[in-house]
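The structure appears below as structure tokens.
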Amino acid sequence: MPRLSEVIAALETLWPAEWAESWDAVGTVVGDPDQEVARVLFAVDPVQEIVDEAVKLGADLLVTHHPLYLRGTTTVAASTFKGRVVHTLIKNDIALHVAHTNADRADPGVSDALAGALDLRVVRPLVPDPTDPEGRRGLGRVCELDHPLTVRELAARAAERLPATTQGIRIAGDPEAQVRTVAVSGGSGDSLLDDVRAAGVDAFLTADLRHHPASEFTADRAHSPLALLDAAHWATEWPWCELAAAQLDEISDRHGWDLRVHVSKTVTDPWTAHAASAPTQTPGAPN
């Protein structure tokens, strides 16, 4: 069995820390470099529910997309949520490694996995990484459909192919408009709206679209008559877990390691219920 340091070195060939944004917190959070690793679990969120799953599975390493500590802290006391996560990991000899925006920028990365889940053909990065001479890395992806779909049909495909969440898929724009090209970005994507407009695509599928950026973007119909599709943050990033697990499996086979690699199916999207508005309800109207 490989040591943790060897597995981490392999993971860092996939998602080097230098590819991460300056504000990000990636890399190994917990773990003894000399401990042996036989079982690895991939997940989006390093929450207690996932850590408990890792304990039950007998995992030696948990790899998550989201950081546990994105900002500084002064305590890892078990009386705090994040401190309890750290205590559980250490007590059970489970290492934690994070690949966040470095996995977003990777080729293949988070948005490639999202595109693959939707059967979209990746053409290029939405925002190319200037440090990549081949122009393959970067944030988001510009994609093509093999056959045109309406916005409504694309949303239905996303609702069917992505993990089920309470939110489902929201649409801004004409549901019957034709879509041939799509920009995708796993996770929060409204900071990329100017890049989406410049890409000249027909639709943009991402998560966490806020009211004002989406409203201003769709109101400018003369310059961007494209549709927005808003999915749950967790759902747009979960396909990366399967991609990352397959990449580690390949590395394990190449090195002759006896690693067992798993992907958590636990839904850690925070929204647990949805109450649909009445179809005819308008402000001030009688019920």
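Identifiers for the structure tokens are assigned positionally: chains receive A, B, ... in sequence, residues are indexed from 1 per chain, and ligands are indexed from 1 in the order shown.
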
Neighbouring residues of A:Val55 were defined as those with any atom within 12 Å, considering only C-alpha atoms; residues of the same chain fewer than 5 positions away were excluded. Please report them as an MDAnalysis selection string. chainID A and resid 39:41 48:50 60:62 85 88:95

Output as number ranges by chain all residues of stretch 61-121 of chain A that backbone DSSP marks as strand (DSSP E). A: 61-64, 95-98, 121

Can you spit out the residues from that selection as a JSON list (two decimals), in the first residue's frame, using N, CA and C atoms?
```json
[["chain", "number", "residue", "atom", "x", "y", "z"],
["A", 61, "LEU", "N", -8.20, 8.12, 3.55],
["A", 61, "LEU", "CA", -8.05, 9.44, 2.96],
["A", 61, "LEU", "C", -9.40, 9.90, 2.43],
["A", 62, "LEU", "N", -9.77, 11.11, 2.79],
["A", 62, "LEU", "CA", -10.96, 11.78, 2.25],
["A", 62, "LEU", "C", -10.48, 12.94, 1.38],
["A", 63, "VAL", "N", -10.92, 12.95, 0.13],
["A", 63, "VAL", "CA", -10.58, 14.03, -0.79],
["A", 63, "VAL", "C", -11.87, 14.79, -1.09],
["A", 64, "THR", "N", -11.89, 16.10, -0.80],
["A", 64, "THR", "CA", -13.08, 16.90, -1.05],
["A", 64, "THR", "C", -12.75, 18.07, -1.98],
["A", 95, "ALA", "N", -6.97, 11.02, 6.67],
["A", 95, "ALA", "CA", -6.40, 12.26, 6.15],
["A", 95, "ALA", "C", -7.46, 13.00, 5.33],
["A", 96, "LEU", "N", -7.31, 14.31, 5.24],
["A", 96, "LEU", "CA", -8.20, 15.15, 4.43],
["A", 96, "LEU", "C", -7.35, 15.97, 3.47],
["A", 97, "HIS", "N", -7.68, 15.86, 2.19],
["A", 97, "HIS", "CA", -7.00, 16.64, 1.15],
["A", 97, "HIS", "C", -8.05, 17.39, 0.33],
["A", 98, "VAL", "N", -7.76, 18.64, -0.03],
["A", 98, "VAL", "CA", -8.71, 19.51, -0.72],
["A", 98, "VAL", "C", -8.16, 19.91, -2.09],
["A", 121, "ARG", "N", -19.98, 18.49, -25.79],
["A", 121, "ARG", "CA", -18.63, 18.36, -26.35],
["A", 121, "ARG", "C", -17.84, 19.63, -26.02]]
```

Applying 7 Å and only C-alpha atoms, which residues near stretch 239-249 of chain A remain after dropping the ones on its own chain fewer than 5 positions away? List them as an mmCIF file with N, CA and C atoms, in the first residue's frame.
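Generated file (selection17.cif):
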```
data_model
loop_
_atom_site.group_PDB
_atom_site.id
_atom_site.type_symbol
_atom_site.label_atom_id
_atom_site.label_comp_id
_atom_site.auth_asym_id
_atom_site.auth_seq_id
_atom_site.Cartn_x
_atom_site.Cartn_y
_atom_site.Cartn_z
ATOM 1 N N PHE A 42 -14.040 10.130 -2.182
ATOM 2 C CA PHE A 42 -14.182 11.453 -2.784
ATOM 3 C C PHE A 42 -15.565 12.013 -2.477
ATOM 4 N N ALA A 43 -15.635 13.318 -2.177
ATOM 5 C CA ALA A 43 -16.905 13.986 -1.895
ATOM 6 C C ALA A 43 -16.749 15.470 -2.192
ATOM 7 N N GLY A 109 -11.134 19.016 -15.606
ATOM 8 C CA GLY A 109 -11.455 19.529 -14.291
ATOM 9 C C GLY A 109 -12.952 19.496 -14.022
ATOM 10 N N VAL A 110 -13.367 20.325 -13.082
ATOM 11 C CA VAL A 110 -14.752 20.313 -12.603
ATOM 12 C C VAL A 110 -15.744 20.582 -13.727
ATOM 13 N N ALA A 113 -16.143 17.666 -16.154
ATOM 14 C CA ALA A 113 -17.009 16.623 -15.606
ATOM 15 C C ALA A 113 -18.471 17.012 -15.738
ATOM 16 N N LEU A 114 -18.773 18.289 -15.508
ATOM 17 C CA LEU A 114 -20.144 18.774 -15.668
ATOM 18 C C LEU A 114 -20.592 18.647 -17.113
ATOM 19 N N ALA A 117 -21.303 15.028 -17.975
ATOM 20 C CA ALA A 117 -22.566 14.531 -17.434
ATOM 21 C C ALA A 117 -23.745 14.922 -18.314
ATOM 22 N N VAL A 261 -11.028 2.916 -4.330
ATOM 23 C CA VAL A 261 -11.463 4.310 -4.463
ATOM 24 C C VAL A 261 -12.983 4.355 -4.550
ATOM 25 N N HIS A 262 -13.580 5.229 -3.751
ATOM 26 C CA HIS A 262 -15.033 5.328 -3.659
ATOM 27 C C HIS A 262 -15.476 6.772 -3.869
ATOM 28 N N VAL A 263 -16.717 6.936 -4.301
ATOM 29 C CA VAL A 263 -17.342 8.251 -4.448
ATOM 30 C C VAL A 263 -18.577 8.297 -3.558
#
```

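Excluding stretch 148-154 of chain A itself and same-chain residues fewer than 6 positions from it, the residues having an atom within 6 Å of it are Pro175, Glu176, Ala177, Gln178, Val179 and Arg180 of chain A, counting only C-alpha atoms.
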
Using only all heavy atoms, please write the residues we just selected to a file, as a PDB file, in the first residue's frame.
```pdb
ATOM      1  N   PRO A 175     -37.707  29.788 -22.879  1.00  0.00           N
ATOM      2  CA  PRO A 175     -37.559  28.334 -22.773  1.00  0.00           C
ATOM      3  C   PRO A 175     -37.569  27.612 -24.114  1.00  0.00           C
ATOM      4  O   PRO A 175     -37.062  26.492 -24.218  1.00  0.00           O
ATOM      5  CB  PRO A 175     -38.769  27.902 -21.935  1.00  0.00           C
ATOM      6  CG  PRO A 175     -39.202  29.140 -21.224  1.00  0.00           C
ATOM      7  CD  PRO A 175     -38.893  30.271 -22.155  1.00  0.00           C
ATOM      8  N   GLU A 176     -38.119  28.268 -25.142  1.00  0.00           N
ATOM      9  CA  GLU A 176     -38.209  27.612 -26.450  1.00  0.00           C
ATOM     10  C   GLU A 176     -37.087  28.021 -27.403  1.00  0.00           C
ATOM     11  O   GLU A 176     -37.058  27.582 -28.553  1.00  0.00           O
ATOM     12  CB  GLU A 176     -39.568  27.918 -27.095  1.00  0.00           C
ATOM     13  CG  GLU A 176     -40.767  27.563 -26.215  1.00  0.00           C
ATOM     14  CD  GLU A 176     -40.706  26.133 -25.673  1.00  0.00           C
ATOM     15  OE1 GLU A 176     -40.269  25.226 -26.435  1.00  0.00           O
ATOM     16  OE2 GLU A 176     -41.074  25.916 -24.509  1.00  0.00           O
ATOM     17  N   ALA A 177     -36.171  28.847 -26.944  1.00  0.00           N
ATOM     18  CA  ALA A 177     -35.050  29.258 -27.788  1.00  0.00           C
ATOM     19  C   ALA A 177     -34.155  28.060 -28.107  1.00  0.00           C
ATOM     20  O   ALA A 177     -33.996  27.143 -27.292  1.00  0.00           O
ATOM     21  CB  ALA A 177     -34.241  30.346 -27.093  1.00  0.00           C
ATOM     22  N   GLN A 178     -33.561  28.064 -29.291  1.00  0.00           N
ATOM     23  CA  GLN A 178     -32.682  26.982 -29.726  1.00  0.00           C
ATOM     24  C   GLN A 178     -31.283  27.141 -29.123  1.00  0.00           C
ATOM     25  O   GLN A 178     -30.739  28.247 -29.060  1.00  0.00           O
ATOM     26  CB  GLN A 178     -32.583  26.962 -31.251  1.00  0.00           C
ATOM     27  CG  GLN A 178     -33.865  26.523 -31.942  1.00  0.00           C
ATOM     28  CD  GLN A 178     -34.066  25.014 -31.830  1.00  0.00           C
ATOM     29  OE1 GLN A 178     -33.227  24.233 -32.264  1.00  0.00           O
ATOM     30  NE2 GLN A 178     -35.182  24.605 -31.238  1.00  0.00           N
ATOM     31  N   VAL A 179     -30.718  26.018 -28.709  1.00  0.00           N
ATOM     32  CA  VAL A 179     -29.387  26.012 -28.108  1.00  0.00           C
ATOM     33  C   VAL A 179     -28.485  25.078 -28.912  1.00  0.00           C
ATOM     34  O   VAL A 179     -28.792  23.900 -29.079  1.00  0.00           O
ATOM     35  CB  VAL A 179     -29.437  25.538 -26.648  1.00  0.00           C
ATOM     36  CG1 VAL A 179     -28.023  25.491 -26.060  1.00  0.00           C
ATOM     37  CG2 VAL A 179     -30.332  26.437 -25.817  1.00  0.00           C
ATOM     38  N   ARG A 180     -27.388  25.634 -29.393  1.00  0.00           N
ATOM     39  CA  ARG A 180     -26.372  24.845 -30.087  1.00  0.00           C
ATOM     40  C   ARG A 180     -25.036  24.881 -29.346  1.00  0.00           C
ATOM     41  O   ARG A 180     -24.254  23.944 -29.432  1.00  0.00           O
ATOM     42  CB  ARG A 180     -26.187  25.348 -31.523  1.00  0.00           C
ATOM     43  CG  ARG A 180     -27.419  25.131 -32.405  1.00  0.00           C
ATOM     44  CD  ARG A 180     -27.237  25.755 -33.783  1.00  0.00           C
ATOM     45  NE  ARG A 180     -28.383  25.495 -34.655  1.00  0.00           N
ATOM     46  CZ  ARG A 180     -29.523  26.170 -34.602  1.00  0.00           C
ATOM     47  NH1 ARG A 180     -29.662  27.167 -33.722  1.00  0.00           N
ATOM     48  NH2 ARG A 180     -30.518  25.858 -35.409  1.00  0.00           N
TER      49      ARG A 180
END
```

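Between atom CA of A:Trp234 and atom CA of A:Asp269 lies a distance of 5.5 Å.
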
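Considering the residues A:Ala164, A:Ala17, A:Val122, A:Ala232 and counting only C-alpha atoms, A:Thr206 has its shortest atom-to-atom contact with A:Ala232.
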
Could you go through stretch 28-228 of chain A and tell me which residues DSSP, when run on the backbone, assigns to helix (DSSP H, G or I), listing them as number ranges by chain? A: 48-57, 81-91, 101-105, 110-117, 151-161, 190-199, 211-219

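Put simply, atom CA of A:Asp195 is 9.7 Å away from atom CA of A:Gly140.
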
I'd like the contact shell of A:Pro128 - 12 Å cut-off, only C-alpha atoms, skipping same-chain residues fewer than 4 positions apart - returned as a list in words. Asp104, Arg105, Ala106, Asp107, Val123, Arg124, Asp132, Pro133, Glu134, Gly135, Arg136, Arg137, Gly138, Leu139, Gly140, Arg141, Val142, Asp195 and Ala199 of chain A

Restricting the output to C-alpha atoms, write the selected residues as a PDB file, in the first residue's frame.
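And here's selection.pdb as it stands now:
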```pdb
ATOM      1  CA  ASP A 104     -11.644  23.984 -11.427  1.00  0.00           C
ATOM      2  CA  ARG A 105      -8.744  25.086 -13.651  1.00  0.00           C
ATOM      3  CA  ALA A 106      -7.435  21.585 -14.399  1.00  0.00           C
ATOM      4  CA  ASP A 107      -7.723  19.766 -17.717  1.00  0.00           C
ATOM      5  CA  VAL A 123     -14.490  23.098 -27.297  1.00  0.00           C
ATOM      6  CA  ARG A 124     -12.307  25.320 -25.122  1.00  0.00           C
ATOM      7  CA  ASP A 132      -1.075  27.284 -19.927  1.00  0.00           C
ATOM      8  CA  PRO A 133       0.735  27.422 -23.287  1.00  0.00           C
ATOM      9  CA  GLU A 134      -1.651  24.845 -24.778  1.00  0.00           C
ATOM     10  CA  GLY A 135      -4.728  26.879 -23.839  1.00  0.00           C
ATOM     11  CA  ARG A 136      -6.601  23.888 -22.405  1.00  0.00           C
ATOM     12  CA  ARG A 137      -6.788  24.839 -18.736  1.00  0.00           C
ATOM     13  CA  GLY A 138      -8.979  27.531 -17.263  1.00  0.00           C
ATOM     14  CA  LEU A 139     -12.306  28.341 -15.640  1.00  0.00           C
ATOM     15  CA  GLY A 140     -15.529  27.055 -17.175  1.00  0.00           C
ATOM     16  CA  ARG A 141     -15.907  25.427 -20.570  1.00  0.00           C
ATOM     17  CA  VAL A 142     -17.449  26.413 -23.894  1.00  0.00           C
ATOM     18  CA  ASP A 195     -16.961  36.094 -20.292  1.00  0.00           C
ATOM     19  CA  ALA A 199     -18.085  33.739 -25.855  1.00  0.00           C
TER      20      ALA A 199
END
```

Between A:Gly31, A:Pro213, A:Pro279, A:Gly186, which has the minimum distance to A:His100 (counting only C-alpha atoms)?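 Checking each candidate against A:His100, we get A:Gly186 as the closest.
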
Interatomic distance between atom CA of A:Ala99 and atom CA of A:Thr268?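 Result for atom CA of A:Ala99 versus atom CA of A:Thr268: 17.3 Å, one decimal.
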
With distances taken over only C-alpha atoms, which of A:Val47, A:Leu229, A:Ala103, A:Ala115 is nearest to A:Arg84?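 Using only C-alpha atoms, A:Arg84 sits closest to A:Val47.
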
Between A:Trp257, A:Trp271, A:Phe204, A:Trp15, which has the minimum distance to A:Gly189 (counting only C-alpha atoms)? A:Phe204

Any idea what's packed within 7 Å of stretch 68-77 of chain A, counting only C-alpha atoms, ignoring anything in its chain fewer than 6 positions away? Could you give it as a PyMOL selection string? chain A and resi 24-25+46+83-84+86
